[in-house]
$ cat final-v2.txt   # compact mmCIF, C-alpha atoms
# COMPACT_ATOMS: atom_id res chain seq x y z
CA MET A 184 55.68 42.18 -20.64
CA LYS A 185 53.25 44.23 -22.69
CA ILE A 186 54.34 46.88 -25.16
CA ALA A 187 52.35 49.57 -26.96
CA VAL A 188 53.34 49.92 -30.60
CA TYR A 189 52.55 53.37 -31.99
CA SER A 190 52.29 54.41 -35.65
CA ALA A 191 51.73 50.73 -36.41
CA GLN A 192 50.93 49.74 -39.97
CA PRO A 193 49.94 46.24 -41.14
CA TYR A 194 53.52 45.56 -42.23
CA ASP A 195 54.80 46.50 -38.75
CA ARG A 196 52.47 43.95 -37.20
CA ARG A 197 53.63 41.27 -39.62
CA PHE A 198 57.35 41.62 -38.91
CA LEU A 199 57.10 42.42 -35.20
CA ASP A 200 54.83 39.44 -34.63
CA GLU A 201 57.31 37.23 -36.48
CA ALA A 202 60.12 38.35 -34.17
CA ARG A 203 58.14 38.60 -30.93
CA ALA A 204 59.20 36.08 -28.29
CA PRO A 205 56.73 34.13 -26.15
CA GLY A 206 55.67 36.13 -23.11
CA ILE A 207 55.80 39.45 -24.97
CA GLU A 208 52.38 40.93 -25.73
CA ALA A 209 52.04 43.73 -28.27
CA ALA A 210 49.15 46.19 -28.51
CA TYR A 211 49.17 47.88 -31.92
CA PHE A 212 47.91 51.42 -32.51
CA SER A 213 47.91 53.27 -35.81
CA ASP A 214 47.92 56.53 -33.85
CA ARG A 215 51.04 58.68 -33.71
CA LEU A 216 52.45 59.04 -30.21
CA GLU A 217 51.84 62.50 -28.80
CA LEU A 218 50.49 63.78 -25.51
CA ASP A 219 46.86 63.04 -26.40
CA THR A 220 47.61 59.41 -27.30
CA VAL A 221 49.78 58.57 -24.28
CA PRO A 222 46.78 56.92 -22.50
CA LEU A 223 46.81 54.16 -25.13
CA ALA A 224 49.90 52.82 -23.35
CA GLN A 225 47.94 52.18 -20.13
CA GLY A 226 49.07 48.84 -18.69
CA CYS A 227 52.18 48.67 -20.88
CA ALA A 228 55.73 48.61 -19.56
CA ALA A 229 57.26 49.72 -22.87
CA VAL A 230 56.39 51.69 -25.97
CA CYS A 231 57.66 51.03 -29.48
CA VAL A 232 57.80 54.12 -31.71
CA PHE A 233 58.80 55.28 -35.17
CA VAL A 234 60.30 58.37 -36.81
CA ASN A 235 57.30 60.70 -36.60
CA ASP A 236 56.22 59.88 -33.05
CA LEU A 237 56.73 62.71 -30.56
CA LEU A 238 58.73 61.99 -27.42
CA ASP A 239 59.32 65.41 -25.92
CA ALA A 240 59.53 66.03 -22.16
CA PRO A 241 55.75 66.20 -21.50
CA VAL A 242 55.14 62.95 -23.41
CA LEU A 243 57.98 61.13 -21.65
CA GLN A 244 56.76 62.37 -18.27
CA ALA A 245 53.22 61.20 -19.04
CA LEU A 246 54.46 57.79 -20.17
CA HIS A 247 56.56 57.43 -17.03
CA ALA A 248 53.55 58.31 -14.87
CA LEU A 249 51.63 55.47 -16.58
CA GLY A 250 54.35 52.99 -15.62
CA VAL A 251 56.21 52.88 -18.94
CA ARG A 252 59.88 52.22 -18.31
CA ALA A 253 61.26 51.51 -21.81
CA VAL A 254 61.17 53.37 -25.13
CA LEU A 255 62.03 51.23 -28.14
CA LEU A 256 62.69 53.10 -31.39
CA ARG A 257 62.30 50.97 -34.49
CA CYS A 258 64.44 53.43 -36.43
CA ALA A 259 67.93 54.92 -36.35
CA GLY A 260 67.18 58.63 -35.88
CA PHE A 261 66.20 59.96 -32.47
CA ASN A 262 65.88 63.72 -33.07
CA ASN A 263 62.22 63.31 -31.97
CA VAL A 264 63.28 62.21 -28.46
CA ASP A 265 64.20 64.43 -25.52
CA VAL A 266 67.02 62.13 -24.45
CA LYS A 267 68.05 64.24 -21.47
CA GLU A 268 64.55 64.11 -20.01
CA GLY A 269 64.35 60.39 -20.68
CA ALA A 270 67.62 59.87 -18.83
CA ARG A 271 66.43 62.02 -15.94
CA LEU A 272 63.34 59.84 -15.65
CA GLY A 273 65.47 56.70 -15.73
CA LEU A 274 63.85 55.38 -18.91
CA PHE A 275 65.54 52.69 -20.95
CA MET A 276 65.81 54.10 -24.49
CA ALA A 277 67.25 52.21 -27.43
CA ARG A 278 67.14 52.38 -31.21
CA VAL A 279 67.97 50.35 -34.29
CA PRO A 280 71.14 52.16 -35.40
CA ALA A 281 71.62 50.37 -38.72
CA TYR A 282 69.31 48.17 -40.71
CA ALA A 283 70.10 47.01 -44.22
CA PRO A 284 71.87 50.28 -45.13
CA GLU A 285 71.91 49.15 -48.73
CA ALA A 286 68.10 49.43 -48.77
CA VAL A 287 68.16 53.21 -48.32
CA ALA A 288 71.21 53.63 -50.55
CA GLU A 289 69.51 51.65 -53.32
CA HIS A 290 66.41 53.82 -52.96
CA ALA A 291 68.55 56.92 -53.41
CA LEU A 292 69.85 55.40 -56.65
CA ALA A 293 66.28 54.55 -57.71
CA LEU A 294 65.24 58.17 -57.18
CA VAL A 295 68.21 59.44 -59.19
CA MET A 296 67.58 57.01 -62.05
CA THR A 297 63.85 57.69 -62.14
CA LEU A 298 64.17 61.48 -62.08
CA ASN A 299 67.12 61.57 -64.46
CA ARG A 300 65.57 59.33 -67.14
CA ARG A 301 61.97 60.43 -66.42
CA THR A 302 60.83 56.82 -66.21
CA HIS A 303 57.83 57.80 -64.07
CA ARG A 304 56.64 60.13 -66.80
CA ALA A 305 57.48 57.62 -69.56
CA TYR A 306 55.44 54.94 -67.79
CA ALA A 307 52.39 57.21 -67.66
CA ARG A 308 52.81 58.20 -71.32
CA VAL A 309 53.11 54.66 -72.64
CA ARG A 310 50.01 53.57 -70.77
CA GLU A 311 48.14 56.24 -72.73
CA GLY A 312 49.66 55.16 -76.04
CA ASN A 313 52.10 58.07 -76.19
CA PHE A 314 55.54 56.88 -77.27
CA ALA A 315 57.07 60.31 -77.96
CA LEU A 316 60.47 60.95 -76.42
CA ASP A 317 60.32 64.74 -76.17
CA GLY A 318 60.74 65.79 -72.53
CA LEU A 319 62.37 62.52 -71.46
CA LEU A 320 66.00 63.43 -72.17
CA GLY A 321 68.37 62.44 -69.37
CA MET A 322 72.12 62.31 -68.82
CA THR A 323 74.51 59.38 -68.69
CA LEU A 324 75.54 58.88 -65.07
CA HIS A 325 78.83 57.19 -65.96
CA GLY A 326 81.55 59.78 -65.51
CA LYS A 327 79.41 62.24 -63.56
CA THR A 328 80.39 63.49 -60.11
CA VAL A 329 78.24 62.47 -57.13
CA GLY A 330 78.65 64.19 -53.78
CA ILE A 331 77.77 62.04 -50.75
CA VAL A 332 77.15 64.19 -47.66
CA GLY A 333 77.45 61.93 -44.63
CA ALA A 334 79.48 58.73 -44.80
CA GLY A 335 77.85 56.50 -42.22
CA GLN A 336 76.78 53.03 -43.21
CA ILE A 337 74.10 54.28 -45.62
CA GLY A 338 76.28 57.00 -47.13
CA ALA A 339 79.14 54.53 -47.56
CA ALA A 340 76.79 52.07 -49.28
CA ALA A 341 75.62 54.85 -51.61
CA ALA A 342 79.22 55.78 -52.38
CA ARG A 343 80.03 52.20 -53.36
CA ILE A 344 76.93 51.97 -55.56
CA PHE A 345 77.68 55.16 -57.49
CA HIS A 346 81.36 54.25 -57.75
CA GLY A 347 80.33 50.92 -59.26
CA MET A 348 78.36 52.80 -61.91
CA GLY A 349 81.46 54.66 -63.02
CA CYS A 350 80.76 57.92 -61.20
CA LYS A 351 83.40 60.04 -59.53
CA VAL A 352 82.36 60.07 -55.86
CA LEU A 353 83.13 62.85 -53.39
CA VAL A 354 82.44 62.23 -49.70
CA SER A 355 81.94 64.99 -47.16
CA ASP A 356 82.00 63.83 -43.55
CA PRO A 357 83.74 65.19 -40.44
CA ALA A 358 84.89 61.68 -39.49
CA PRO A 359 87.65 59.73 -41.29
CA THR A 360 86.43 57.39 -44.04
CA PRO A 361 89.16 54.75 -44.51
CA ARG A 362 86.60 52.14 -45.64
CA LEU A 363 86.00 54.26 -48.73
CA ASP A 364 89.65 54.43 -49.81
CA GLY A 365 89.77 53.72 -53.52
CA VAL A 366 86.02 54.37 -53.80
CA ALA A 367 85.60 58.03 -52.99
CA GLU A 368 87.60 61.22 -52.62
CA ARG A 369 87.25 63.16 -49.37
CA ALA A 370 86.02 66.70 -49.84
CA SER A 371 84.74 69.60 -47.81
CA LEU A 372 81.02 70.28 -47.90
CA ASP A 373 81.59 73.34 -50.08
CA ALA A 374 83.70 71.33 -52.52
CA ALA A 375 81.17 68.51 -52.67
CA LEU A 376 78.35 70.98 -53.37
CA SER A 377 80.23 73.00 -55.99
CA ARG A 378 81.75 70.07 -57.92
CA SER A 379 78.89 67.56 -57.94
CA ASP A 380 76.31 66.90 -60.63
CA ILE A 381 74.29 65.01 -58.02
CA VAL A 382 74.32 65.67 -54.25
CA SER A 383 72.89 62.94 -52.01
CA LEU A 384 72.28 63.59 -48.30
CA HIS A 385 72.90 60.83 -45.75
CA CYS A 386 73.26 62.78 -42.48
CA PRO A 387 71.58 62.58 -39.09
CA LEU A 388 69.40 65.54 -38.15
CA LEU A 389 71.29 67.54 -35.52
CA ASP A 390 71.38 71.20 -34.58
CA ALA A 391 74.47 71.50 -36.77
CA THR A 392 72.84 69.87 -39.80
CA ARG A 393 69.33 71.33 -39.66
CA HIS A 394 68.70 73.29 -42.87
CA MET A 395 72.24 72.58 -44.06
CA ILE A 396 70.73 72.94 -47.52
CA ASN A 397 69.63 76.56 -47.52
CA THR A 398 69.81 79.63 -49.73
CA ALA A 399 73.56 80.02 -49.22
CA SER A 400 74.48 76.36 -49.78
CA LEU A 401 72.16 76.08 -52.80
CA THR A 402 73.97 79.05 -54.34
CA ARG A 403 77.26 77.15 -53.96
CA MET A 404 75.92 74.12 -55.82
CA LYS A 405 76.68 73.60 -59.50
CA ARG A 406 73.87 75.22 -61.48
CA GLY A 407 71.39 72.60 -62.67
CA ALA A 408 72.59 69.88 -60.25
CA MET A 409 70.26 67.30 -58.72
CA LEU A 410 69.65 67.15 -54.96
CA VAL A 411 68.58 63.88 -53.29
CA ASN A 412 67.49 63.45 -49.68
CA THR A 413 66.72 60.03 -48.22
CA SER A 414 67.84 60.93 -44.70
CA ARG A 415 65.84 63.50 -42.69
CA GLY A 416 63.52 66.19 -44.02
CA GLY A 417 64.89 68.85 -41.70
CA LEU A 418 68.24 68.83 -43.51
CA ILE A 419 66.58 70.92 -46.22
CA ASP A 420 65.06 74.39 -46.03
CA THR A 421 62.15 73.60 -48.34
CA ALA A 422 61.26 77.23 -49.04
CA ALA A 423 64.83 77.90 -50.18
CA VAL A 424 64.77 74.80 -52.38
CA ILE A 425 61.55 75.97 -54.04
CA GLU A 426 63.17 79.30 -54.90
CA ALA A 427 66.23 77.49 -56.29
CA LEU A 428 63.99 75.29 -58.43
CA LYS A 429 62.11 78.33 -59.73
CA SER A 430 65.35 80.10 -60.71
CA GLY A 431 66.89 77.01 -62.29
CA GLN A 432 69.83 77.03 -59.87
CA LEU A 433 68.65 73.61 -58.69
CA GLY A 434 68.03 71.36 -61.67
CA ALA A 435 66.07 68.59 -59.97
CA LEU A 436 64.99 67.43 -56.52
CA ALA A 437 64.30 63.88 -55.31
CA ILE A 438 63.17 63.42 -51.70
CA ASP A 439 61.98 60.48 -49.65
CA VAL A 440 61.64 62.66 -46.54
CA TYR A 441 60.02 66.01 -45.84
CA GLU A 442 60.38 68.34 -42.88
CA GLN A 443 56.64 68.44 -42.14
CA GLU A 444 56.00 64.82 -43.08
CA SER A 445 54.55 63.76 -39.73
CA THR A 446 51.04 64.85 -40.76
CA LEU A 447 51.27 63.33 -44.24
CA PHE A 448 53.47 60.27 -44.61
CA PHE A 449 52.49 56.68 -43.84
CA GLN A 450 48.78 57.50 -44.24
CA ASP A 451 46.34 57.49 -47.18
CA HIS A 452 45.33 61.09 -47.89
CA SER A 453 44.06 60.47 -51.42
CA SER A 454 40.54 61.57 -50.45
CA ASP A 455 41.68 64.51 -48.34
CA ILE A 456 42.52 68.10 -49.12
CA ILE A 457 46.19 68.53 -48.30
CA THR A 458 46.54 71.90 -46.61
CA ASP A 459 50.34 72.02 -46.59
CA ASP A 460 50.89 74.73 -49.20
CA VAL A 461 54.67 74.25 -49.25
CA PHE A 462 54.34 70.56 -50.04
CA GLN A 463 51.68 71.28 -52.65
CA ARG A 464 53.97 73.81 -54.32
CA LEU A 465 56.73 71.22 -54.49
CA MET A 466 54.39 68.84 -56.26
CA THR A 467 53.81 71.32 -59.09
CA PHE A 468 57.37 71.02 -60.40
CA PRO A 469 57.96 68.49 -63.19
CA ASN A 470 61.56 68.08 -62.02
CA VAL A 471 60.64 67.07 -58.47
CA LEU A 472 60.13 63.47 -57.36
CA VAL A 473 58.71 62.64 -53.92
CA THR A 474 58.27 59.26 -52.25
CA GLY A 475 56.71 58.78 -48.83
CA HIS A 476 59.65 57.72 -46.63
CA GLN A 477 59.93 54.24 -48.13
CA GLY A 478 63.70 54.04 -48.46
CA PHE A 479 63.94 51.58 -45.57
CA PHE A 480 61.03 49.48 -46.79
CA THR A 481 62.45 46.11 -47.80
CA VAL A 482 61.80 42.66 -46.37
CA GLU A 483 65.38 42.41 -45.12
CA ALA A 484 65.30 45.78 -43.38
CA MET A 485 61.93 45.15 -41.76
CA ARG A 486 63.10 41.81 -40.38
CA GLU A 487 66.26 43.37 -39.00
CA ILE A 488 64.34 46.25 -37.42
CA ALA A 489 62.01 43.82 -35.66
CA ALA A 490 64.82 41.54 -34.50
CA VAL A 491 66.95 44.37 -33.09
CA THR A 492 63.94 46.01 -31.44
CA PHE A 493 63.17 42.88 -29.45
CA SER A 494 66.85 42.30 -28.74
CA ASN A 495 66.92 45.77 -27.18
CA LEU A 496 63.83 44.91 -25.15
CA ALA A 497 65.55 41.74 -23.92
CA CYS A 498 68.46 43.87 -22.66
CA HIS A 499 66.01 45.98 -20.70
CA MET A 500 64.22 42.98 -19.23
CA GLN A 501 67.49 41.29 -18.25
CA GLY A 502 69.09 44.48 -16.95
CA SER A 503 72.08 43.97 -19.22
CA PRO A 504 74.04 46.65 -21.12
CA CYS A 505 72.59 47.57 -24.50
CA ALA A 506 74.88 48.59 -27.35
CA ASN A 507 71.96 50.41 -28.99
CA ALA A 508 71.02 52.59 -26.03
CA LEU A 509 70.51 56.25 -26.90
CA PRO A 510 73.33 58.60 -25.94
CA THR A 511 72.22 60.95 -23.17
CA THR A 512 74.75 63.73 -23.67

$ encode --input "final-v2.txt" --output "structure tokens"
Amino acid sequence: MKIAVYSAQPYDRRFLDEARAPGIEAAYFSDRLELDTVPLAQGCAAVCVFVNDLLDAPVLQALHALGVRAVLLRCAGFNNVDVKEGARLGLFMARVPAYAPEAVAEHALALVMTLNRRTHRAYARVREGNFALDGLLGMTLHGKTVGIVGAGQIGAAAARIFHGMGCKVLVSDPAPTPRLDGVAERASLDAALSRSDIVSLHCPLLDATRHMINTASLTRMKRGAMLVNTSRGGLIDTAAVIEALKSGQLGALAIDVYEQESTLFFQDHSSDIITDDVFQRLMTFPNVLVTGHQGFFTVEAMREIAAVTFSNLACHMQGSPCANALPTT
């Protein structure tokens, strides 16, 4: 069995090679999967893809025509996959639904702590011999209200972390959250937005959640609150967020994901001119902190991603049911 691994970075090779069983050959490509790069999968029976690879109907059809019969996502989200077309073609499609959820939750906390206490700015100052404290004033998180939007495994982990820090935690999720009894209070989305000093997004990207943070929802937030997104960039209407930052309605923004990140993240653009004017505008705000989709990036998470990916492949090869298969409806 030979698989084509798209969007492969050196760290992907390290962990996938560690988990790869004998008889499985992997061809690694740094290229993002799109229609033009489908031919790289020539001779492969499966492709392994990541969050910014494109698997729309034309790409899936082209892969199928090459003889590809399995699509292995080494991530949880699958909004980049036309699942109905994949099912029509009879493709095996599976993901890694949960991997070290604490990794992403801890990164959300790191973003909050960094932006709140301006440690990134303090670090730069001290290196230049500037020990002044002006401009570094933060707030004590103990006793503040944190709204967690989305209470899956990552959202639940974030709720427990903030609860442990002495925060009052509100959770907004359409599903029951009995595992968070005693940790968080259930609240509607409007209540979570209006009552929280910090709002942290942990939702999948669906039609119902796309641009859930928009002009109207930003207006309902407590003035000066912090917004954190470590989930999917499309949850936020970036143009609306920029206007809210300019007016002071939004006090601070910390994001590990960005709606148009596919042309930016996971690559070194330090010698390039970045032509995304919206992203460049975001970077001009002193109260905005951006990381390049690294919330998942821990040793434990990478090992789990690799192990589950090859476990999914084994299900395909053996023709056995796979608990991680993508839903097709």

$ atom_distance --input "final-v2.txt" --atom1 "CA of Ser379 (chain A)" --atom2 "CA of Lys405 (chain A)"
6.6 Å

$ residues_around --input "final-v2.txt" --residues "Glu483 (chain A)" --least-positions-apart "6" --cutoff "9 Å" --atoms "all atoms listed in the file" --output "mmCIF file with C-alpha atoms, in the coordinates of the input"
data_model
loop_
_atom_site.group_PDB
_atom_site.id
_atom_site.type_symbol
_atom_site.label_atom_id
_atom_site.label_comp_id
_atom_site.auth_asym_id
_atom_site.auth_seq_id
_atom_site.Cartn_x
_atom_site.Cartn_y
_atom_site.Cartn_z
ATOM 1 C CA TYR A 282 69.310 48.170 -40.710
ATOM 2 C CA ALA A 283 70.100 47.010 -44.220
ATOM 3 C CA ALA A 286 68.100 49.430 -48.770
#

$ atom_distance --input "final-v2.txt" --atom1 "CA of Leu447 (chain A)" --atom2 "CA of Pro284 (chain A)"
24.4 Å

$ closest_residue --input "final-v2.txt" --among "A:Ala307, A:Leu410, A:Val254, A:Ile425" --to "Asp460 (chain A)" --atoms "all atoms listed in the file"
A:Ile425

$ closest_residue --input "final-v2.txt" --among "A:Met276, A:Ala229, A:Val221, A:Leu238" --to "Ile207 (chain A)" --atoms "all atoms listed in the file"
A:Ala229

$ atom_distance --input "final-v2.txt" --atom1 "CA of Met485 (chain A)" --atom2 "CA of Tyr194 (chain A)"
8.4 Å

$ closest_residue --input "final-v2.txt" --among "A:Ala270, A:Ala277, A:Gly250, A:Val461" --to "His499 (chain A)" --atoms "only C-alpha atoms"
A:Ala277

$ closest_residue --input "final-v2.txt" --among "A:Phe275, A:Leu199, A:His476, A:Thr446" --to "Met500 (chain A)" --atoms "only C-alpha atoms"
A:Phe275

$ closest_residue --input "final-v2.txt" --among "A:Glu426, A:Ala435, A:Glu208, A:Gly416" --to "Cys227 (chain A)" --atoms "all atoms listed in the file"
A:Glu208

$ residues_around --input "final-v2.txt" --residues "Asn262 (chain A)" --least-positions-apart "6" --cutoff "9 Å" --atoms "all atoms listed in the file" --output "list of chain:residue names"
A:Val234, A:Pro387, A:Leu388, A:Leu389
